[in-house]
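Structure first, commentary second.
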Amino acid sequence: MANALFSPGREGFLDGSIDWDTNDIRVMLVKSAYTFVASHKFITDLPAATADNGRSLALGTKTVTDGIADAADTSLTATAAAACNAYIIFQNTGADATARLIAYIDTVTSGLPFTPAAGGTVNIAFDNGATKIFKL
């Protein structure tokens, strides 16, 4: 699979409910057992046992130039020693039932797939190419 945007995430940008550069945007490490479904809208739509393997704090230094989403690299703490093949970008609202999914990233320059140590730090380095994290 290649990197993709969740359909409800696209809607969020169009209806104004997601503002990339001002909202609390975070990263979730995704276990390899998860299969991308474009219609998933909120974190609660993800199968809990197959998806979440740790979350970052709010992304910093976010930019939107030319419709390209970018942010400073980040890190998170893995919750399990489980194979991971992607990460999900989401809008954090403080509640999983309203935390909107934005992007599924499984194609990066290096590092995926891998199995982190439980409780280990996972560094997320965003692509520095033309489309950065993603392009609308």
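In the structure tokens, chains take letters A, B, ... by order of appearance, with residues numbered from 1 within each chain and ligands from 1 in the order shown.
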Those of chain A in DSSP strand (DSSP E or B), formatted as a ChimeraX atom specification: /A:4-5,25-31,42,52-56,63,68-70,74-77,84-91,100-105,114,121-124,134-135
Need the shell around Arg55 in chain A: protein/DNA/RNA residues with any atom at most 7 Å away, counting only C-alpha atoms. Skip same-chain ones fewer than 4 positions apart. Format as a PyMOL selection string? chain A and resi 27-29+76-77
Go ahead and write the selection's residues with C-alpha atoms as a PDB file, in the first residue's frame.
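Resulting contents of result08.pdb:
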ATOM      1  CA  VAL A  27       1.179  10.705  15.205  1.00  0.00           C
ATOM      2  CA  MET A  28       0.091   7.170  16.152  1.00  0.00           C
ATOM      3  CA  LEU A  29       2.380   4.213  15.497  1.00  0.00           C
ATOM      4  CA  LEU A  76       6.716   8.567  20.731  1.00  0.00           C
ATOM      5  CA  THR A  77       6.925   5.692  23.180  1.00  0.00           C
TER       6      THR A  77
END
Which residues are close to range 39-48 of chain A, i.e. within 12 Å by only C-alpha atoms, leaving aside same-chain residues fewer than 3 positions away? Reply as a ChimeraX atom specification. /A:4-12,26-28,30-31,33-36,51-55,88-104
Just want the 8 Å neighbourhood of Thr63 in chain A, counted on only C-alpha atoms, with same-chain residues fewer than 3 positions away dropped. Output as a PyMOL selection string.
chain A and resi 20-21+68-71
Please produce a file of the residues just selected, as a JSON list (two decimals), in the first residue's frame, where the atoms kept are all heavy atoms.
[["chain", "number", "residue", "atom", "x", "y", "z"],
["A", 20, "TRP", "N", -4.65, 22.46, 9.95],
["A", 20, "TRP", "CA", -3.34, 21.83, 10.14],
["A", 20, "TRP", "C", -2.40, 22.66, 11.00],
["A", 20, "TRP", "O", -1.77, 22.14, 11.91],
["A", 20, "TRP", "CB", -2.69, 21.53, 8.78],
["A", 20, "TRP", "CG", -1.32, 20.95, 8.90],
["A", 20, "TRP", "CD1", -0.12, 21.61, 8.83],
["A", 20, "TRP", "CD2", -1.00, 19.58, 9.16],
["A", 20, "TRP", "NE1", 0.91, 20.73, 9.02],
["A", 20, "TRP", "CE2", 0.41, 19.48, 9.23],
["A", 20, "TRP", "CE3", -1.76, 18.43, 9.33],
["A", 20, "TRP", "CZ2", 1.06, 18.28, 9.45],
["A", 20, "TRP", "CZ3", -1.10, 17.23, 9.56],
["A", 20, "TRP", "CH2", 0.29, 17.16, 9.62],
["A", 21, "ASP", "N", -2.29, 23.94, 10.71],
["A", 21, "ASP", "CA", -1.27, 24.71, 11.41],
["A", 21, "ASP", "C", -1.68, 25.22, 12.79],
["A", 21, "ASP", "O", -0.82, 25.68, 13.54],
["A", 21, "ASP", "CB", -0.71, 25.84, 10.54],
["A", 21, "ASP", "CG", -1.76, 26.76, 9.97],
["A", 21, "ASP", "OD1", -2.95, 26.47, 10.08],
["A", 21, "ASP", "OD2", -1.37, 27.80, 9.39],
["A", 68, "ILE", "N", 1.05, 21.75, 1.07],
["A", 68, "ILE", "CA", 1.89, 20.64, 1.53],
["A", 68, "ILE", "C", 1.99, 20.70, 3.04],
["A", 68, "ILE", "O", 2.43, 21.70, 3.61],
["A", 68, "ILE", "CB", 3.29, 20.72, 0.90],
["A", 68, "ILE", "CG1", 3.17, 20.60, -0.63],
["A", 68, "ILE", "CG2", 4.21, 19.66, 1.47],
["A", 68, "ILE", "CD1", 4.44, 20.91, -1.37],
["A", 69, "ALA", "N", 1.56, 19.62, 3.69],
["A", 69, "ALA", "CA", 1.61, 19.54, 5.15],
["A", 69, "ALA", "C", 3.00, 19.09, 5.59],
["A", 69, "ALA", "O", 3.50, 18.06, 5.13],
["A", 69, "ALA", "CB", 0.56, 18.56, 5.66],
["A", 70, "ASP", "N", 3.58, 19.84, 6.49],
["A", 70, "ASP", "CA", 4.89, 19.47, 7.04],
["A", 70, "ASP", "C", 4.91, 19.84, 8.52],
["A", 70, "ASP", "O", 4.08, 20.61, 9.00],
["A", 70, "ASP", "CB", 6.01, 20.19, 6.30],
["A", 70, "ASP", "CG", 7.39, 19.58, 6.56],
["A", 70, "ASP", "OD1", 7.46, 18.43, 7.06],
["A", 70, "ASP", "OD2", 8.40, 20.24, 6.26],
["A", 71, "ALA", "N", 5.85, 19.25, 9.23],
["A", 71, "ALA", "CA", 6.02, 19.51, 10.66],
["A", 71, "ALA", "C", 7.41, 19.05, 11.06],
["A", 71, "ALA", "O", 8.08, 18.32, 10.32],
["A", 71, "ALA", "CB", 4.97, 18.77, 11.48]]
In Å and to one decimal, CA of Leu136 in chain A is distant from CA of Ile25 in chain A by 16.0 Å
Exercise for review: Using only C-alpha atoms, find the one residue out of A:Leu112, A:Asp24, A:Gly119, A:Gly129 that sits nearest to Gly60 in chain A.
Suggested key: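 Comparing A:Leu112, A:Asp24, A:Gly119, A:Gly129 against Gly60 in chain A, the winner is A:Asp24.
The space between CA of Ser75 in chain A and CA of Thr121 in chain A spans 6.7 Å.
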Taking into account only C-alpha atoms, which residue in the set A:Thr74, A:Thr79, A:Ser32, A:Ser56 is nearest to Phe114 in chain A?
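For Phe114 in chain A, the nearest of the given residues is A:Ser32.
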message: I want to know what sits within 12 Å of Thr107 in chain A, based on only C-alpha atoms, with residues of the same chain fewer than 3 positions away left out; could you give that as a ChimeraX atom specification?
response: /A:1-4,85-88,103-104,110-113,125-127,132-134
Write the residues you've just listed into a file as a PDB file, in the first residue's frame, and include N, CA, C and O atoms for each of them.
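Result saved to selection-v3.pdb:
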ATOM      1  N   MET A   1       0.862  -1.174   0.000  1.00  0.00           N
ATOM      2  CA  MET A   1       0.000   0.000   0.000  1.00  0.00           C
ATOM      3  C   MET A   1       0.899   1.223   0.000  1.00  0.00           C
ATOM      4  O   MET A   1       2.011   1.183   0.465  1.00  0.00           O
ATOM      5  N   ALA A   2       0.411   2.296  -0.493  1.00  0.00           N
ATOM      6  CA  ALA A   2       1.148   3.563  -0.492  1.00  0.00           C
ATOM      7  C   ALA A   2       0.483   4.539   0.469  1.00  0.00           C
ATOM      8  O   ALA A   2      -0.667   4.337   0.863  1.00  0.00           O
ATOM      9  N   ASN A   3       1.190   5.573   0.830  1.00  0.00           N
ATOM     10  CA  ASN A   3       0.624   6.590   1.712  1.00  0.00           C
ATOM     11  C   ASN A   3      -0.735   7.037   1.181  1.00  0.00           C
ATOM     12  O   ASN A   3      -0.933   7.116  -0.028  1.00  0.00           O
ATOM     13  N   ALA A   4      -1.663   7.331   2.106  1.00  0.00           N
ATOM     14  CA  ALA A   4      -3.015   7.714   1.693  1.00  0.00           C
ATOM     15  C   ALA A   4      -3.648   8.617   2.741  1.00  0.00           C
ATOM     16  O   ALA A   4      -3.297   8.558   3.925  1.00  0.00           O
ATOM     17  N   ASN A  85       4.144  -1.270  10.723  1.00  0.00           N
ATOM     18  CA  ASN A  85       4.481  -0.971   9.336  1.00  0.00           C
ATOM     19  C   ASN A  85       3.999   0.398   8.870  1.00  0.00           C
ATOM     20  O   ASN A  85       4.131   0.725   7.698  1.00  0.00           O
ATOM     21  N   ALA A  86       3.441   1.199   9.772  1.00  0.00           N
ATOM     22  CA  ALA A  86       2.926   2.500   9.356  1.00  0.00           C
ATOM     23  C   ALA A  86       2.693   3.385  10.578  1.00  0.00           C
ATOM     24  O   ALA A  86       2.782   2.931  11.721  1.00  0.00           O
ATOM     25  N   TYR A  87       2.385   4.623  10.281  1.00  0.00           N
ATOM     26  CA  TYR A  87       1.883   5.510  11.330  1.00  0.00           C
ATOM     27  C   TYR A  87       0.726   6.313  10.761  1.00  0.00           C
ATOM     28  O   TYR A  87       0.575   6.450   9.549  1.00  0.00           O
ATOM     29  N   ILE A  88      -0.130   6.775  11.665  1.00  0.00           N
ATOM     30  CA  ILE A  88      -1.313   7.544  11.294  1.00  0.00           C
ATOM     31  C   ILE A  88      -1.175   8.943  11.870  1.00  0.00           C
ATOM     32  O   ILE A  88      -0.808   9.114  13.034  1.00  0.00           O
ATOM     33  N   ALA A 103      -4.109  10.987   7.888  1.00  0.00           N
ATOM     34  CA  ALA A 103      -3.262  10.324   6.888  1.00  0.00           C
ATOM     35  C   ALA A 103      -2.699   9.012   7.415  1.00  0.00           C
ATOM     36  O   ALA A 103      -2.427   8.873   8.607  1.00  0.00           O
ATOM     37  N   TYR A 104      -2.511   8.082   6.501  1.00  0.00           N
ATOM     38  CA  TYR A 104      -1.880   6.781   6.760  1.00  0.00           C
ATOM     39  C   TYR A 104      -0.549   6.801   6.009  1.00  0.00           C
ATOM     40  O   TYR A 104      -0.527   6.973   4.786  1.00  0.00           O
ATOM     41  N   SER A 110      13.139   5.391   5.190  1.00  0.00           N
ATOM     42  CA  SER A 110      13.728   4.256   5.914  1.00  0.00           C
ATOM     43  C   SER A 110      12.996   4.068   7.240  1.00  0.00           C
ATOM     44  O   SER A 110      12.306   4.953   7.710  1.00  0.00           O
ATOM     45  N   GLY A 111      13.131   2.890   7.826  1.00  0.00           N
ATOM     46  CA  GLY A 111      12.611   2.642   9.156  1.00  0.00           C
ATOM     47  C   GLY A 111      11.357   1.806   9.250  1.00  0.00           C
ATOM     48  O   GLY A 111      11.034   1.321  10.327  1.00  0.00           O
ATOM     49  N   LEU A 112      10.622   1.638   8.177  1.00  0.00           N
ATOM     50  CA  LEU A 112       9.402   0.827   8.218  1.00  0.00           C
ATOM     51  C   LEU A 112       9.558  -0.349   7.262  1.00  0.00           C
ATOM     52  O   LEU A 112      10.107  -0.173   6.181  1.00  0.00           O
ATOM     53  N   PRO A 113       9.076  -1.498   7.612  1.00  0.00           N
ATOM     54  CA  PRO A 113       8.516  -1.903   8.904  1.00  0.00           C
ATOM     55  C   PRO A 113       9.622  -2.183   9.930  1.00  0.00           C
ATOM     56  O   PRO A 113      10.778  -2.339   9.574  1.00  0.00           O
ATOM     57  N   ALA A 125      10.794  10.486  11.601  1.00  0.00           N
ATOM     58  CA  ALA A 125      11.415  11.481  10.728  1.00  0.00           C
ATOM     59  C   ALA A 125      10.540  11.625   9.488  1.00  0.00           C
ATOM     60  O   ALA A 125      10.414  10.676   8.715  1.00  0.00           O
ATOM     61  N   PHE A 126       9.937  12.776   9.321  1.00  0.00           N
ATOM     62  CA  PHE A 126       9.080  13.010   8.167  1.00  0.00           C
ATOM     63  C   PHE A 126       9.909  13.180   6.902  1.00  0.00           C
ATOM     64  O   PHE A 126      11.054  13.645   6.950  1.00  0.00           O
ATOM     65  N   ASP A 127       9.313  12.846   5.780  1.00  0.00           N
ATOM     66  CA  ASP A 127       9.964  12.948   4.478  1.00  0.00           C
ATOM     67  C   ASP A 127      10.332  14.404   4.194  1.00  0.00           C
ATOM     68  O   ASP A 127       9.538  15.309   4.446  1.00  0.00           O
ATOM     69  N   LYS A 132       6.610  16.263   1.413  1.00  0.00           N
ATOM     70  CA  LYS A 132       6.761  16.258   2.886  1.00  0.00           C
ATOM     71  C   LYS A 132       5.905  15.159   3.524  1.00  0.00           C
ATOM     72  O   LYS A 132       6.020  14.017   3.163  1.00  0.00           O
ATOM     73  N   ILE A 133       4.988  15.524   4.452  1.00  0.00           N
ATOM     74  CA  ILE A 133       4.134  14.513   5.086  1.00  0.00           C
ATOM     75  C   ILE A 133       3.042  14.094   4.124  1.00  0.00           C
ATOM     76  O   ILE A 133       2.821  12.913   3.885  1.00  0.00           O
ATOM     77  N   PHE A 134       2.340  15.071   3.555  1.00  0.00           N
ATOM     78  CA  PHE A 134       1.366  14.797   2.487  1.00  0.00           C
ATOM     79  C   PHE A 134       1.030  16.106   1.796  1.00  0.00           C
ATOM     80  O   PHE A 134       1.290  17.186   2.301  1.00  0.00           O
TER      81      PHE A 134
END
